[in-house]
Amino acid sequence: AIVCKVRPMYFFGDWFYGKNDNNYRFQVPFFERQILSAHPDDHNTFLGYFPHNLLSNDDPPSSERGRVGLLYGKKPEYFQGHSELITALLAQGFELHTTCKDTEENECPFPPEIIRHHNVKPDEFAQLMKQFAFMLGFKKPEGSPSPLVGLSYGVTFLNPLRKTNGVDTQHKTLSRLGFPYTYVIDLNNVTQVVQAAEWASKYRFTSYVPPQYRVKSLVNRMCTVIEDDALCLCPNPAFGSETNVTSNTFCK
């Protein structure tokens, strides 16, 4: 059946059949390995992605930056409860920017010193990245591409813990990088976050993209996916076919 050759792409990964009754993407009985994800996970096939600026021939941005940072996130609720932290960064002389958007329910909870950017298009966002020394996460959105894009422009990601177990962060994959590209921080520890912002401004780099998120790596994985027909040998009545395969080691 042709369905066994389909490879749906689901950015957030960890897909399994019936995961969410209210989302059409989870109702088709694909094998977990058929789903291509942006990051390595326990269920799906890692395809990945890469920052588009890697395809350009532009000179890399200068590593020299001012004490400038981005408060990362577009929804007002991400920043609620963090006024003390934001005030402390301003008090230390950091210039802070945001792309947060007011909604009918909530306004972005920022003092007037914060520089706000509205309806920023991708090219404008890329130019902004060249100004920032760091990008400060506020737990959401999880695993989004912007921190990786930031790294490609020389922007350190301050990666916040999301749970009290000390291992779950906003961007799990990037948390493995460490100094000077990322710092795992606790948003409730104001002193720690300010120190990380200081280090991000002092210890600079021009550009960095982890090997698994570079163009050649993605192309290699894509070729492997295209050439792999193993799942078509797996018994799945939902595909309208049965096979004589007795081992289901790779049929998950």
# chains A, B, ... in the order shown; residues from 1 in each chain; ligands from 1
>>> select_by_dssp(residues="region 8-249 of chain A", states="alpha helix (DSSP H)", output="CSV table (one decimal) with N, CA, C and O atoms, in the first residue's frame")
chain,number,residue,atom,x,y,z
A,83,SER,N,8.9,39.9,36.4
A,83,SER,CA,9.2,41.4,36.4
A,83,SER,C,10.5,41.7,37.2
A,83,SER,O,11.2,42.5,36.8
A,84,GLU,N,10.7,40.9,38.3
A,84,GLU,CA,11.9,41.2,39.1
A,84,GLU,C,13.2,40.9,38.2
A,84,GLU,O,14.1,41.6,38.3
A,85,LEU,N,13.1,39.8,37.5
A,85,LEU,CA,14.2,39.4,36.7
A,85,LEU,C,14.5,40.4,35.6
A,85,LEU,O,15.6,40.9,35.4
A,86,ILE,N,13.5,40.9,34.9
A,86,ILE,CA,13.6,41.8,33.8
A,86,ILE,C,14.1,43.2,34.4
A,86,ILE,O,15.0,43.8,33.8
A,87,THR,N,13.6,43.6,35.5
A,87,THR,CA,14.1,44.8,36.1
A,87,THR,C,15.5,44.7,36.5
A,87,THR,O,16.3,45.7,36.3
A,88,ALA,N,16.0,43.5,37.0
A,88,ALA,CA,17.4,43.4,37.4
A,88,ALA,C,18.3,43.4,36.2
A,88,ALA,O,19.4,44.0,36.2
A,89,LEU,N,17.9,42.9,35.0
A,89,LEU,CA,18.7,43.0,33.8
A,89,LEU,C,18.8,44.4,33.4
A,89,LEU,O,19.9,44.9,33.0
A,90,LEU,N,17.7,45.2,33.4
A,90,LEU,CA,17.8,46.6,33.0
A,90,LEU,C,18.7,47.4,34.0
A,90,LEU,O,19.4,48.3,33.6
A,91,ALA,N,18.6,47.0,35.3
A,91,ALA,CA,19.4,47.8,36.3
A,91,ALA,C,20.9,47.5,36.0
A,91,ALA,O,21.7,48.4,36.4
A,122,PRO,N,10.6,37.5,8.7
A,122,PRO,CA,11.8,36.7,8.9
A,122,PRO,C,13.1,37.4,8.6
A,122,PRO,O,14.1,37.3,9.3
A,123,ASP,N,13.1,38.2,7.5
A,123,ASP,CA,14.4,38.9,7.1
A,123,ASP,C,14.7,40.0,8.2
A,123,ASP,O,15.9,40.2,8.5
A,124,GLU,N,13.7,40.6,8.7
A,124,GLU,CA,13.9,41.6,9.8
A,124,GLU,C,14.4,40.9,11.1
A,124,GLU,O,15.3,41.4,11.8
A,125,PHE,N,13.8,39.8,11.4
A,125,PHE,CA,14.3,39.0,12.5
A,125,PHE,C,15.7,38.6,12.4
A,125,PHE,O,16.5,38.7,13.4
A,126,ALA,N,16.1,38.2,11.2
A,126,ALA,CA,17.5,37.8,11.0
A,126,ALA,C,18.5,39.0,11.2
A,126,ALA,O,19.5,38.9,11.8
A,127,GLN,N,18.1,40.2,10.8
A,127,GLN,CA,18.9,41.4,11.0
A,127,GLN,C,19.0,41.7,12.5
A,127,GLN,O,20.0,42.1,13.0
A,128,LEU,N,17.9,41.5,13.2
A,128,LEU,CA,17.9,41.8,14.7
A,128,LEU,C,18.8,40.8,15.4
A,128,LEU,O,19.5,41.2,16.3
A,129,MET,N,18.9,39.6,14.9
A,129,MET,CA,19.8,38.6,15.5
A,129,MET,C,21.2,39.1,15.6
A,129,MET,O,22.0,38.7,16.5
A,146,SER,N,13.9,29.1,16.8
A,146,SER,CA,14.5,30.4,16.9
A,146,SER,C,15.9,30.3,17.7
A,146,SER,O,16.8,31.0,17.3
A,147,PRO,N,16.0,29.6,18.8
A,147,PRO,CA,17.3,29.5,19.5
A,147,PRO,C,18.4,29.0,18.6
A,147,PRO,O,19.5,29.5,18.6
A,148,LEU,N,18.1,28.0,17.7
A,148,LEU,CA,19.1,27.5,16.8
A,148,LEU,C,19.4,28.5,15.7
A,148,LEU,O,20.6,28.7,15.4
A,149,VAL,N,18.4,29.2,15.2
A,149,VAL,CA,18.7,30.3,14.3
A,149,VAL,C,19.6,31.4,15.0
A,149,VAL,O,20.5,31.9,14.4
A,150,GLY,N,19.3,31.7,16.2
A,150,GLY,CA,20.1,32.6,17.0
A,150,GLY,C,21.5,32.2,17.1
A,150,GLY,O,22.5,33.0,16.8
A,151,LEU,N,21.8,30.9,17.4
A,151,LEU,CA,23.2,30.4,17.4
A,151,LEU,C,23.9,30.6,16.1
A,151,LEU,O,25.1,31.0,16.1
A,152,SER,N,23.2,30.4,15.0
A,152,SER,CA,23.8,30.6,13.7
A,152,SER,C,24.2,32.0,13.5
A,152,SER,O,25.1,32.3,12.6
A,190,VAL,N,17.5,35.0,40.1
A,190,VAL,CA,17.8,36.3,39.3
A,190,VAL,C,19.3,36.5,39.2
A,190,VAL,O,19.8,36.8,38.1
A,191,THR,N,20.1,36.2,40.2
A,191,THR,CA,21.5,36.4,40.2
A,191,THR,C,22.2,35.6,39.1
A,191,THR,O,23.1,36.0,38.4
A,192,GLN,N,21.7,34.3,39.1
A,192,GLN,CA,22.3,33.4,38.1
A,192,GLN,C,22.0,33.8,36.7
A,192,GLN,O,22.9,33.8,35.8
A,193,VAL,N,20.8,34.3,36.4
A,193,VAL,CA,20.4,34.7,35.0
A,193,VAL,C,21.2,35.9,34.6
A,193,VAL,O,21.7,36.0,33.5
A,194,VAL,N,21.4,36.9,35.5
A,194,VAL,CA,22.1,38.1,35.2
A,194,VAL,C,23.6,37.7,35.0
A,194,VAL,O,24.2,38.3,34.0
A,195,GLN,N,24.1,36.8,35.7
A,195,GLN,CA,25.5,36.4,35.5
A,195,GLN,C,25.6,35.7,34.1
A,195,GLN,O,26.6,35.9,33.4
A,196,ALA,N,24.7,34.9,33.7
A,196,ALA,CA,24.7,34.2,32.4
A,196,ALA,C,24.7,35.3,31.3
A,196,ALA,O,25.3,35.1,30.3
A,197,ALA,N,23.8,36.3,31.5
A,197,ALA,CA,23.8,37.4,30.5
A,197,ALA,C,25.1,38.1,30.4
A,197,ALA,O,25.5,38.5,29.3
A,198,GLU,N,25.8,38.3,31.5
A,198,GLU,CA,27.1,38.9,31.5
A,198,GLU,C,28.1,38.1,30.7
A,198,GLU,O,28.8,38.6,29.9
A,199,TRP,N,28.1,36.8,31.0
A,199,TRP,CA,29.0,35.9,30.3
A,199,TRP,C,28.7,35.8,28.8
A,199,TRP,O,29.6,35.8,28.0
A,200,ALA,N,27.4,35.8,28.5
A,200,ALA,CA,27.0,35.8,27.0
A,200,ALA,C,27.5,37.0,26.3
A,200,ALA,O,27.8,37.0,25.1
A,201,SER,N,27.6,38.1,27.0
A,201,SER,CA,28.0,39.4,26.4
A,201,SER,C,29.5,39.5,26.3
A,201,SER,O,30.1,40.2,25.4
A,202,LYS,N,30.2,38.8,27.2
A,202,LYS,CA,31.7,38.8,27.3
A,202,LYS,C,32.3,37.8,26.4
A,202,LYS,O,33.3,38.1,25.7
A,215,VAL,N,23.3,21.5,6.8
A,215,VAL,CA,22.6,21.1,5.6
A,215,VAL,C,23.0,19.7,5.2
A,215,VAL,O,22.1,18.9,4.9
A,216,LYS,N,24.3,19.3,5.2
A,216,LYS,CA,24.7,18.0,4.7
A,216,LYS,C,24.1,16.9,5.6
A,216,LYS,O,23.7,15.8,5.1
A,217,SER,N,24.0,17.2,6.9
A,217,SER,CA,23.5,16.2,7.8
A,217,SER,C,22.0,15.9,7.5
A,217,SER,O,21.6,14.7,7.4
A,218,LEU,N,21.2,17.0,7.2
A,218,LEU,CA,19.8,16.8,6.9
A,218,LEU,C,19.7,16.0,5.6
A,218,LEU,O,18.8,15.2,5.4
A,219,VAL,N,20.5,16.4,4.6
A,219,VAL,CA,20.4,15.8,3.3
A,219,VAL,C,20.7,14.3,3.4
A,219,VAL,O,20.0,13.4,2.8
A,220,ASN,N,21.7,13.9,4.2
A,220,ASN,CA,22.0,12.5,4.3
A,220,ASN,C,20.9,11.7,5.0
A,220,ASN,O,20.6,10.6,4.6
A,221,ARG,N,20.3,12.3,6.0
A,221,ARG,CA,19.1,11.7,6.6
A,221,ARG,C,17.9,11.5,5.7
A,221,ARG,O,17.2,10.5,5.7
A,222,MET,N,17.7,12.6,4.9
A,222,MET,CA,16.6,12.5,4.0
A,222,MET,C,16.8,11.4,2.9
A,222,MET,O,15.9,10.7,2.6
A,223,CYS,N,18.0,11.3,2.4
A,223,CYS,CA,18.3,10.2,1.5
A,223,CYS,C,18.1,8.8,2.1
A,223,CYS,O,17.5,7.9,1.4
A,224,THR,N,18.4,8.7,3.3
A,224,THR,CA,18.2,7.4,4.0
A,224,THR,C,16.7,7.1,4.2
A,224,THR,O,16.3,6.0,3.9
A,225,VAL,N,15.9,8.2,4.5
A,225,VAL,CA,14.5,8.0,4.6
A,225,VAL,C,13.9,7.6,3.2
A,225,VAL,O,13.0,6.7,3.2
A,226,ILE,N,14.3,8.2,2.2
A,226,ILE,CA,13.7,8.0,0.8
A,226,ILE,C,14.0,6.5,0.4
A,226,ILE,O,13.2,5.9,-0.2
A,227,GLU,N,15.2,6.1,0.7
A,227,GLU,CA,15.7,4.7,0.3
A,227,GLU,C,15.2,3.6,1.2
A,227,GLU,O,15.3,2.4,0.8
>>> select_by_dssp(residues="region 133-166 of chain A", states="strand (DSSP E)", output="ChimeraX atom specification")
/A:134-136,156-160
>>> closest_atom_pairs(of="region 9-85 of chain A", to="region 107-118 of chain A", cutoff="9 Å", atoms="only C-alpha atoms", output="CSV")
residue,atom,partner,partner_atom,distance
A:Lys74,CA,A:Cys108,CA,8.7
A:Lys75,CA,A:Cys108,CA,7.4
A:Pro76,CA,A:Cys108,CA,4.4
A:Glu77,CA,A:Cys108,CA,7.6
A:Tyr78,CA,A:Cys108,CA,9.0
A:Phe79,CA,A:Pro109,CA,6.7
A:Gln80,CA,A:Pro109,CA,6.5
A:Gly81,CA,A:Pro109,CA,8.9
A:His82,CA,A:Pro109,CA,8.9
A:Ser83,CA,A:Phe110,CA,7.5
>>> closest_atom_pairs(of="region 66-161 of chain A", to="region 35-48 of chain A", cutoff="10 Å", atoms="only C-alpha atoms", output="Markdown table")
| residue | atom | partner | partner_atom | distance |
| --- | --- | --- | --- | --- |
| A:Gly143 | CA | A:His39 | CA | 8.0 |
| A:Ser144 | CA | A:Ala38 | CA | 9.2 |
| A:Pro145 | CA | A:Ala38 | CA | 9.0 |
>>> write_last_selection(atoms="C-alpha atoms", output="short mmCIF file (atom, residue, chain, number, x, y, z; two decimals), in the first residue's frame")
data_model
loop_
_atom_site.label_atom_id
_atom_site.label_comp_id
_atom_site.auth_asym_id
_atom_site.auth_seq_id
_atom_site.Cartn_x
_atom_site.Cartn_y
_atom_site.Cartn_z
CA GLY A 143 12.01 23.24 21.15
CA SER A 144 11.26 25.99 18.64
CA PRO A 145 13.75 26.81 15.84
#
>>> residues_around(residues="Leu96 (chain A)", least_positions_apart="2", cutoff="6 Å", atoms="only C-alpha atoms", output="ChimeraX atom specification")
/A:68-70,114
>>> write_last_selection(atoms="N, CA, C and O atoms", output="tab-separated table (two decimals), in the first residue's frame")
chain	number	residue	atom	x	y	z
A	68	VAL	N	23.25	43.53	24.78
A	68	VAL	CA	21.91	43.56	24.19
A	68	VAL	C	21.34	42.16	24.17
A	68	VAL	O	22.01	41.20	23.78
A	69	GLY	N	20.08	42.02	24.57
A	69	GLY	CA	19.47	40.71	24.58
A	69	GLY	C	18.02	40.74	24.13
A	69	GLY	O	17.36	41.78	24.15
A	70	LEU	N	17.53	39.57	23.74
A	70	LEU	CA	16.13	39.39	23.33
A	70	LEU	C	15.39	38.60	24.40
A	70	LEU	O	15.84	37.53	24.80
A	114	ILE	N	11.81	48.56	27.69
A	114	ILE	CA	11.96	47.44	26.77
A	114	ILE	C	11.64	47.89	25.34
A	114	ILE	O	10.60	48.53	25.10
>>> closest_residue(among="A:Tyr203, A:Tyr10, A:Tyr213, A:Phe31", to="Thr173 (chain A)", atoms="only C-alpha atoms")
A:Tyr213
>>> closest_residue(among="A:Cys234, A:Pro160, A:Pro211, A:Thr169", to="Asn189 (chain A)", atoms="only C-alpha atoms")
A:Pro160
>>> atom_distance(atom1="CA of Glu105 (chain A)", atom2="CA of Leu158 (chain A)")
27.9 Å
>>> closest_residue(among="A:Asn57, A:Arg65, A:Gly154, A:Glu142", to="Gly13 (chain A)", atoms="only C-alpha atoms")
A:Glu142
